[in-house]
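A.B. asks: Contents of structure.tsv (TSV, C-alpha atoms):
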```tsv
chain	number	residue	atom	x	y	z
Y	1	MET	CA	98.91	120.24	53.55
Y	2	THR	CA	97.55	118.10	56.36
Y	3	ASP	CA	94.41	118.69	58.39
Y	4	HIS	CA	95.31	117.10	61.71
Y	5	HIS	CA	91.87	117.42	63.29
Y	6	ILE	CA	88.84	115.96	61.48
Y	7	HIS	CA	85.92	113.99	62.90
Y	8	ILE	CA	83.49	111.37	61.67
Y	9	GLY	CA	80.52	109.69	63.36
Y	10	GLN	CA	77.87	110.66	65.85
Y	11	PHE	CA	78.01	114.15	67.32
Y	12	ASN	CA	75.01	114.90	69.54
Y	13	GLU	CA	71.95	114.36	67.34
Y	14	VAL	CA	73.79	114.47	64.00
Y	15	TYR	CA	75.60	111.59	62.31
Y	16	TYR	CA	78.46	112.54	59.97
Y	17	ASP	CA	79.02	109.77	57.44
Y	18	ALA	CA	82.74	109.24	56.84
Y	19	LEU	CA	82.61	108.56	53.10
Y	20	GLU	CA	80.35	111.54	52.45
Y	21	LEU	CA	82.72	113.79	54.39
Y	22	PHE	CA	85.82	112.44	52.68
Y	23	GLU	CA	84.27	112.86	49.23
Y	24	LEU	CA	83.42	116.45	50.13
Y	25	LEU	CA	86.98	117.14	51.33
Y	26	GLU	CA	88.34	115.59	48.14
Y	27	SER	CA	86.06	117.77	45.99
Y	28	VAL	CA	87.41	121.01	47.52
Y	29	SER	CA	91.06	120.00	47.82
Y	30	GLU	CA	92.16	122.43	45.10
Y	31	LYS	CA	90.61	125.31	47.05
Y	32	THR	CA	91.78	124.20	50.50
Y	33	ASN	CA	95.20	122.72	49.65
Y	34	ILE	CA	94.40	119.81	51.98
Y	35	THR	CA	95.65	116.45	50.67
Y	36	GLN	CA	95.99	114.54	53.97
Y	37	ILE	CA	93.60	114.25	56.88
Y	38	ARG	CA	93.82	112.71	60.34
Y	39	TYR	CA	90.46	111.85	61.85
Y	40	SER	CA	88.80	110.36	64.92
Y	41	SER	CA	85.26	109.19	65.64
Y	42	THR	CA	83.05	111.31	67.87
Y	43	SER	CA	80.86	108.22	68.24
Y	44	THR	CA	83.36	107.38	70.98
Y	45	CYS	CA	81.53	109.92	73.16
Y	46	ARG	CA	78.27	107.94	73.15
Y	47	ASP	CA	77.32	106.52	76.55
Y	48	ASP	CA	76.78	103.08	75.02
Y	49	VAL	CA	80.00	103.07	72.96
Y	50	GLU	CA	81.89	99.82	72.48
Y	51	LEU	CA	85.29	99.53	70.82
Y	52	GLN	CA	84.00	97.03	68.27
Y	53	GLY	CA	81.38	99.49	67.02
Y	54	VAL	CA	83.95	102.25	66.59
Y	55	GLU	CA	86.27	99.85	64.76
Y	56	GLU	CA	83.45	98.96	62.36
Y	57	GLU	CA	82.97	102.66	61.72
Y	58	ILE	CA	86.68	103.15	61.03
Y	59	ALA	CA	86.76	100.10	58.75
Y	60	TYR	CA	83.96	101.72	56.75
Y	61	ALA	CA	85.87	105.02	56.66
Y	62	GLN	CA	89.03	103.25	55.51
Y	63	SER	CA	87.18	101.86	52.49
Y	64	PHE	CA	87.48	105.36	50.99
Y	65	SER	CA	89.83	105.42	48.02
Y	66	SER	CA	91.26	108.52	46.39
Y	67	ASN	CA	94.24	109.63	44.34
Y	68	ILE	CA	93.97	113.09	45.88
Y	69	LEU	CA	93.18	112.66	49.57
Y	70	THR	CA	94.84	110.28	52.03
Y	71	THR	CA	93.23	109.51	55.38
Y	72	LYS	CA	94.50	108.06	58.64
Y	73	PRO	CA	92.54	107.43	61.84
Y	74	TYR	CA	93.30	108.16	65.45
Y	75	LEU	CA	92.45	105.57	68.08
Y	76	TRP	CA	90.32	107.53	70.54
Y	77	PHE	CA	91.09	105.67	73.76
Y	78	ILE	CA	88.77	106.12	76.74
Y	79	PRO	CA	88.79	105.00	80.39
Y	80	LYS	CA	85.92	102.60	79.69
Y	81	TYR	CA	88.17	100.52	77.44
Y	82	ALA	CA	90.81	100.32	80.16
Y	83	GLU	CA	88.17	99.29	82.69
Y	84	GLN	CA	87.16	96.52	80.26
Y	85	HIS	CA	90.80	95.33	80.37
Y	86	ILE	CA	91.47	96.37	76.77
Y	87	SER	CA	95.10	97.37	76.40
Y	88	VAL	CA	96.19	100.19	74.13
Y	89	GLU	CA	98.59	97.91	72.26
Y	90	SER	CA	95.87	95.37	71.49
Y	91	ALA	CA	93.37	98.05	70.43
Y	92	ALA	CA	95.96	99.77	68.22
Y	93	THR	CA	96.64	96.70	66.08
Y	94	SER	CA	93.32	96.82	64.21
Y	95	PHE	CA	94.31	99.65	61.85
Y	96	ASP	CA	97.30	101.73	60.82
Y	97	TYR	CA	96.50	104.40	63.39
Y	98	CYS	CA	98.46	107.65	63.20
Y	99	GLY	CA	98.22	107.89	66.97
Y	100	ILE	CA	96.00	108.02	70.04
Y	101	LYS	CA	93.44	110.65	70.96
Y	102	LEU	CA	92.68	111.77	74.54
Y	103	HIS	CA	89.69	113.93	75.47
Y	104	PRO	CA	89.95	114.65	79.22
Y	105	ALA	CA	86.92	116.96	79.14
Y	106	GLY	CA	84.75	114.33	77.47
Y	107	GLN	CA	85.99	111.36	79.48
Y	108	ASN	CA	86.98	111.43	83.12
Y	109	TRP	CA	90.61	110.36	83.28
Y	110	ASP	CA	91.74	109.91	86.88
Y	111	GLU	CA	95.47	109.45	87.50
Y	112	ASN	CA	94.67	108.33	91.06
Y	113	ASN	CA	92.87	105.33	89.59
Y	114	PRO	CA	95.53	102.64	88.96
Y	115	VAL	CA	93.66	101.31	85.92
Y	116	HIS	CA	93.49	104.76	84.36
Y	117	LEU	CA	97.12	105.54	85.19
Y	118	THR	CA	98.28	102.29	83.61
Y	119	ALA	CA	96.30	103.08	80.46
Y	120	LEU	CA	97.78	106.57	80.23
Y	121	HIS	CA	101.28	105.12	80.45
Y	122	GLN	CA	100.32	102.60	77.77
Y	123	ILE	CA	99.10	105.42	75.51
Y	124	PHE	CA	102.26	107.48	75.76
Y	125	ARG	CA	104.51	104.40	75.69
Y	126	TYR	CA	102.81	103.17	72.51
Y	127	ALA	CA	103.32	106.57	70.88
Y	128	ASP	CA	106.91	106.68	72.14
Y	129	ASP	CA	107.78	103.19	70.90
Y	130	HIS	CA	106.16	103.63	67.49
Y	131	LYS	CA	106.83	107.37	67.04
Y	132	LYS	CA	103.11	108.08	66.81
Y	133	SER	CA	101.10	111.09	67.91
Y	134	VAL	CA	99.01	111.71	71.00
Y	135	LEU	CA	96.30	114.25	70.14
Y	136	ILE	CA	94.97	115.83	73.35
Y	137	HIS	CA	91.84	117.96	73.54
Y	138	CYS	CA	92.73	121.10	75.49
Y	139	GLY	CA	90.65	123.83	77.07
Y	140	THR	CA	90.30	126.19	79.99
Y	141	GLN	CA	88.92	123.72	82.53
Y	142	LYS	CA	91.28	122.26	85.12
Y	143	CYS	CA	90.75	118.78	83.62
Y	144	ASP	CA	91.86	119.73	80.10
Y	145	LEU	CA	94.54	122.38	80.54
Y	146	PRO	CA	97.52	121.88	78.17
Y	147	THR	CA	99.69	121.18	81.24
Y	148	ARG	CA	97.47	118.33	82.49
Y	149	PHE	CA	99.65	115.49	81.15
Y	150	GLU	CA	103.02	117.25	81.32
Y	151	PRO	CA	104.77	114.44	83.26
Y	152	PHE	CA	104.09	112.13	80.30
Y	153	PHE	CA	105.52	114.67	77.82
Y	154	ALA	CA	108.77	114.64	79.77
Y	155	GLU	CA	108.95	110.87	80.23
Y	156	TYR	CA	108.00	109.76	76.71
Y	157	LYS	CA	110.17	111.97	74.54
Y	158	ASN	CA	109.50	110.19	71.22
Y	159	ALA	CA	105.74	110.58	71.57
Y	160	GLN	CA	104.66	113.40	69.26
Y	161	VAL	CA	102.15	115.29	71.39
Y	162	ILE	CA	99.64	117.64	69.73
Y	163	LEU	CA	97.75	120.03	72.00
Y	164	ALA	CA	94.45	120.40	70.17
Y	165	HIS	CA	92.77	123.82	70.03
Y	166	SER	CA	95.83	125.58	71.56
Y	167	ASN	CA	93.60	126.70	74.39
Y	168	PRO	CA	94.55	128.56	76.55
Y	169	VAL	CA	97.29	130.07	74.41
Y	170	ARG	CA	99.70	130.92	77.25
Y	171	GLU	CA	99.82	127.38	78.65
Y	172	THR	CA	99.95	125.89	75.15
Y	173	ALA	CA	102.93	128.02	74.15
Y	174	GLU	CA	104.65	127.15	77.42
Y	175	MET	CA	104.44	123.41	76.68
Y	176	VAL	CA	105.35	123.76	72.99
Y	177	ASN	CA	108.41	125.85	73.82
Y	178	LYS	CA	109.50	123.64	76.70
Y	179	TYR	CA	109.33	120.22	75.00
Y	180	LYS	CA	110.72	119.30	71.58
Y	181	ASN	CA	108.06	116.62	71.17
Y	182	VAL	CA	105.08	118.90	71.87
Y	183	PHE	CA	103.14	120.61	69.08
Y	184	CYS	CA	99.74	122.33	68.88
Y	185	ASP	CA	96.92	122.70	66.38
Y	186	THR	CA	94.59	125.47	65.24
Y	187	ALA	CA	91.25	123.65	65.52
Y	188	CYS	CA	88.56	126.26	66.32
Y	189	ILE	CA	91.14	128.88	67.28
Y	190	THR	CA	90.12	132.53	66.90
Y	191	ALA	CA	92.12	134.92	64.73
Y	192	ASP	CA	93.21	136.90	67.81
Y	193	ASN	CA	94.34	133.77	69.63
Y	194	PHE	CA	96.19	132.57	66.55
Y	195	THR	CA	98.07	135.86	66.38
Y	196	GLN	CA	98.97	135.53	70.05
Y	197	LEU	CA	99.98	131.90	69.57
Y	198	SER	CA	102.20	132.61	66.55
Y	199	GLN	CA	103.92	135.39	68.50
Y	200	SER	CA	104.42	133.18	71.57
Y	201	VAL	CA	105.61	129.92	70.01
Y	202	LEU	CA	109.33	130.09	69.30
Y	203	ASP	CA	109.19	127.65	66.37
Y	204	THR	CA	106.01	128.32	64.37
Y	205	ARG	CA	106.55	125.11	62.42
Y	206	LYS	CA	105.17	123.41	65.53
Y	207	ILE	CA	101.77	125.02	64.95
Y	208	LEU	CA	99.81	122.47	62.91
Y	209	PHE	CA	96.68	123.10	60.93
Y	210	GLY	CA	93.49	121.56	62.32
Y	211	SER	CA	89.90	122.43	61.44
Y	212	ASP	CA	87.73	120.41	63.89
Y	213	PHE	CA	85.40	119.83	60.92
Y	214	PRO	CA	82.49	118.97	60.89
Y	215	VAL	CA	82.09	119.85	64.58
Y	216	SER	CA	82.81	123.41	63.47
Y	217	HIS	CA	79.78	123.18	61.16
Y	218	TYR	CA	77.59	121.77	63.93
Y	219	PHE	CA	78.29	124.73	66.21
Y	220	GLN	CA	77.80	127.30	63.45
Y	221	THR	CA	74.49	125.82	62.28
Y	222	HIS	CA	72.95	124.27	65.43
Y	223	ILE	CA	74.21	126.69	68.08
Y	224	PHE	CA	74.74	129.99	66.25
Y	225	GLU	CA	72.01	129.30	63.66
Y	226	LYS	CA	74.08	130.32	60.66
Y	227	HIS	CA	73.19	128.98	57.22
Y	228	LEU	CA	76.31	127.34	55.84
Y	229	SER	CA	76.64	124.16	53.84
Y	230	LEU	CA	79.25	121.61	54.90
Y	231	LYS	CA	81.32	122.57	51.87
Y	232	GLU	CA	81.14	126.29	52.65
Y	233	GLN	CA	82.08	125.62	56.26
Y	234	TYR	CA	85.16	123.58	55.41
Y	235	ILE	CA	86.45	126.14	52.91
Y	236	PHE	CA	85.92	128.81	55.58
Y	237	ASP	CA	87.73	126.68	58.20
Y	238	CYS	CA	90.72	126.30	55.89
Y	239	LYS	CA	90.92	129.93	54.80
Y	240	LYS	CA	90.28	131.78	58.06
Y	241	ILE	CA	93.85	131.25	59.28
Y	242	GLU	CA	96.99	131.14	57.19
Y	243	ILE	CA	99.50	128.74	58.67
Y	244	PRO	CA	102.99	130.22	58.16
Y	245	LEU	CA	104.79	126.89	57.82
Y	246	GLU	CA	103.81	123.28	57.28
Y	247	THR	CA	104.40	120.61	59.89
Y	248	ILE	CA	107.98	119.46	60.36
Y	249	PHE	CA	107.01	115.85	61.02
Y	250	LYS	CA	104.75	113.36	59.30
Y	251	VAL	CA	102.07	111.44	61.21
```
Please lay out the structure from this file as structure tokens.
C.D. replies:
Amino acid sequence: MTDHHIHIGQFNEVYYDALELFELLESVSEKTNITQIRYSSTSTCRDDVELQGVEEEIAYAQSFSSNILTTKPYLWFIPKYAEQHISVESAATSFDYCGIKLHPAGQNWDENNPVHLTALHQIFRYADDHKKSVLIHCGTQKCDLPTRFEPFFAEYKNAQVILAHSNPVRETAEMVNKYKNVFCDTACITADNFTQLSQSVLDTRKILFGSDFPVSHYFQTHIFEKHLSLKEQYIFDCKKIEIPLETIFKV
């Protein structure tokens, strides 16, 4: 099975080393059933982030070798890169990216800004042309509702859109049911919301497994002050929800 939502890098005051995380995920693969992961770097959220630094981090992550676990990165594209006149196509050539990540709550995308709008079209066009994914952080704020980028879902029909976190469930299910190219993931979803989601989505094969690890561990240990090891957290993340069917597409 594939975990579509893993992170490496700097998250607030904690740095999550890619190779250490991957070795941990490999060591528990028999218990979790996870043999493929898709990851992005939370270092992209640093105020002083530069694309070159993130690429160095991904190059380090890609040095991981395993007969059990395969890894592919997302290019987390941010408005700052567009403002530096970095195109999505040029940035996406550095690695075999599985797709592009958007985090509208973490970065202020403004469709009224011509530079931002051009970059958004580049993101969805790249995914459309290459049949890649666009992983979009979703939430309850106006800026990150699952419907935020709906015009792009309709225009770029070969772009495989994944609505991360499936939050809110109603809007997520609406988009997944409306567009053949729109999927959702279970990263940080509650059991109640997962039940609602699985009852609302017409094709449950479009619900993809995602853990949001190790961000899930950060919140449990640093916010809720629970005492879990990284290994215990990931096993818990994988077992708390049983996905009824595996993904119907490969990214």
A.B. asks: Could you check the closest approach to Lys239 of chain Y for each of Y:Val14, Y:Cys143, Y:Ile34, Y:Ala164 and tell me which residue wins, using all atoms listed in the file?
C.D. replies: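 The answer is Y:Ile34, which sits nearest to Lys239 of chain Y.
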A.B. asks: Can you list, as a PyMOL selection string, every protein, DNA or RNA residue that comes within 10 Å of Glu111 of chain Y when you count all atoms listed in the file, leaving out same-chain residues fewer than 5 positions away?
C.D. replies: chain Y and resi 116-120+149
A.B. asks: Just want the 6 Å neighbourhood of Trp76 of chain Y, counted on all atoms listed in the file, with same-chain residues fewer than 2 positions away dropped. Output as a PDB file with C-alpha atoms, keeping the file's coordinate frame.
C.D. replies:
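Saved result, around23.pdb, follows:
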```pdb
ATOM      1  CA  TYR Y  74      93.300 108.160  65.450  1.00  0.00           C
ATOM      2  CA  ILE Y 100      96.000 108.020  70.040  1.00  0.00           C
ATOM      3  CA  LYS Y 101      93.440 110.650  70.960  1.00  0.00           C
TER       4      LYS Y 101
END
```
A.B. asks: My list of candidates is Y:Leu75, Y:Ile241, Y:Ala159, Y:Val49. Which is closest to Phe194 of chain Y when distances are computed with all atoms listed in the file?
C.D. replies: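 Checking each of Y:Leu75, Y:Ile241, Y:Ala159, Y:Val49 against Phe194 of chain Y, counting all atoms listed in the file, the winner is Y:Ile241.
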A.B. asks: Choose the residue, out of Y:Phe77, Y:Phe224, Y:Phe11, Y:Phe152, that has the smallest atom-to-atom separation from Leu51 of chain Y; count all atoms listed in the file.
C.D. replies: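 Selected residue with least distance to Leu51 of chain Y: Y:Phe77.
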A.B. asks: Taking all atoms listed in the file into account, name the residue in Y:Glu83, Y:Val176, Y:Gln107, Y:Val54 that is nearest to Thr204 of chain Y.
C.D. replies: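 Of Y:Glu83, Y:Val176, Y:Gln107, Y:Val54, the one nearest Thr204 of chain Y is Y:Val176, counting all atoms listed in the file.
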A.B. asks: State, in Å with one decimal place, the distance from atom CA of Ala173 of chain Y to atom CA of Ile78 of chain Y.
C.D. replies: 26.2 Å
A.B. asks: Smallest atom-to-atom distance to Ala91 of chain Y: which of Y:Asp110, Y:Asp128, Y:Glu50, Y:Glu20, using all atoms listed in the file?
C.D. replies: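 The shortest atom-to-atom distance to Ala91 of chain Y comes from Y:Glu50.
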A.B. asks: Which residue out of Y:Met1, Y:Met175, Y:Ala105, Y:Leu197 has the minimum interatomic distance to Gln141 of chain Y when all atoms listed in the file are used?
C.D. replies: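 Residue with the minimum atom-to-atom distance to Gln141 of chain Y: Y:Ala105.
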A.B. asks: Using the file's own x, y and z axes, what box holds all listed atoms of segment 131-147 of chain Y with 5 Å on each side, keeping edges along x, y and z, and what are its centre and edge lengths in Å to one decimal, as AutoDock Vina command-line options?
C.D. replies:
```
--center_x 97.9 --center_y 116.8 --center_z 76.0 --size_x 27.9 --size_y 28.8 --size_z 28.3
```
A.B. asks: Which neighbours of segment 38-42 of chain Y fall inside 10 Å, counting all atoms listed in the file, when residues of the same chain fewer than 5 positions from it are skipped, and could you give them as an NGL selection string?
C.D. replies: :Y and (2-12 or 15-16 or 18 or 54-55 or 57-58 or 61 or 70-76 or 97-101 or 135 or 210 or 212-213 or 215 or 251)
A.B. asks: Expressed in Å to a single decimal, how great is the separation between atom CA of Ser66 of chain Y and atom CA of Leu163 of chain Y?
C.D. replies: 28.8 Å
A.B. asks: In Å to one decimal, how far is atom CA of Asn177 of chain Y from atom CA of Val201 of chain Y?
C.D. replies: 6.2 Å
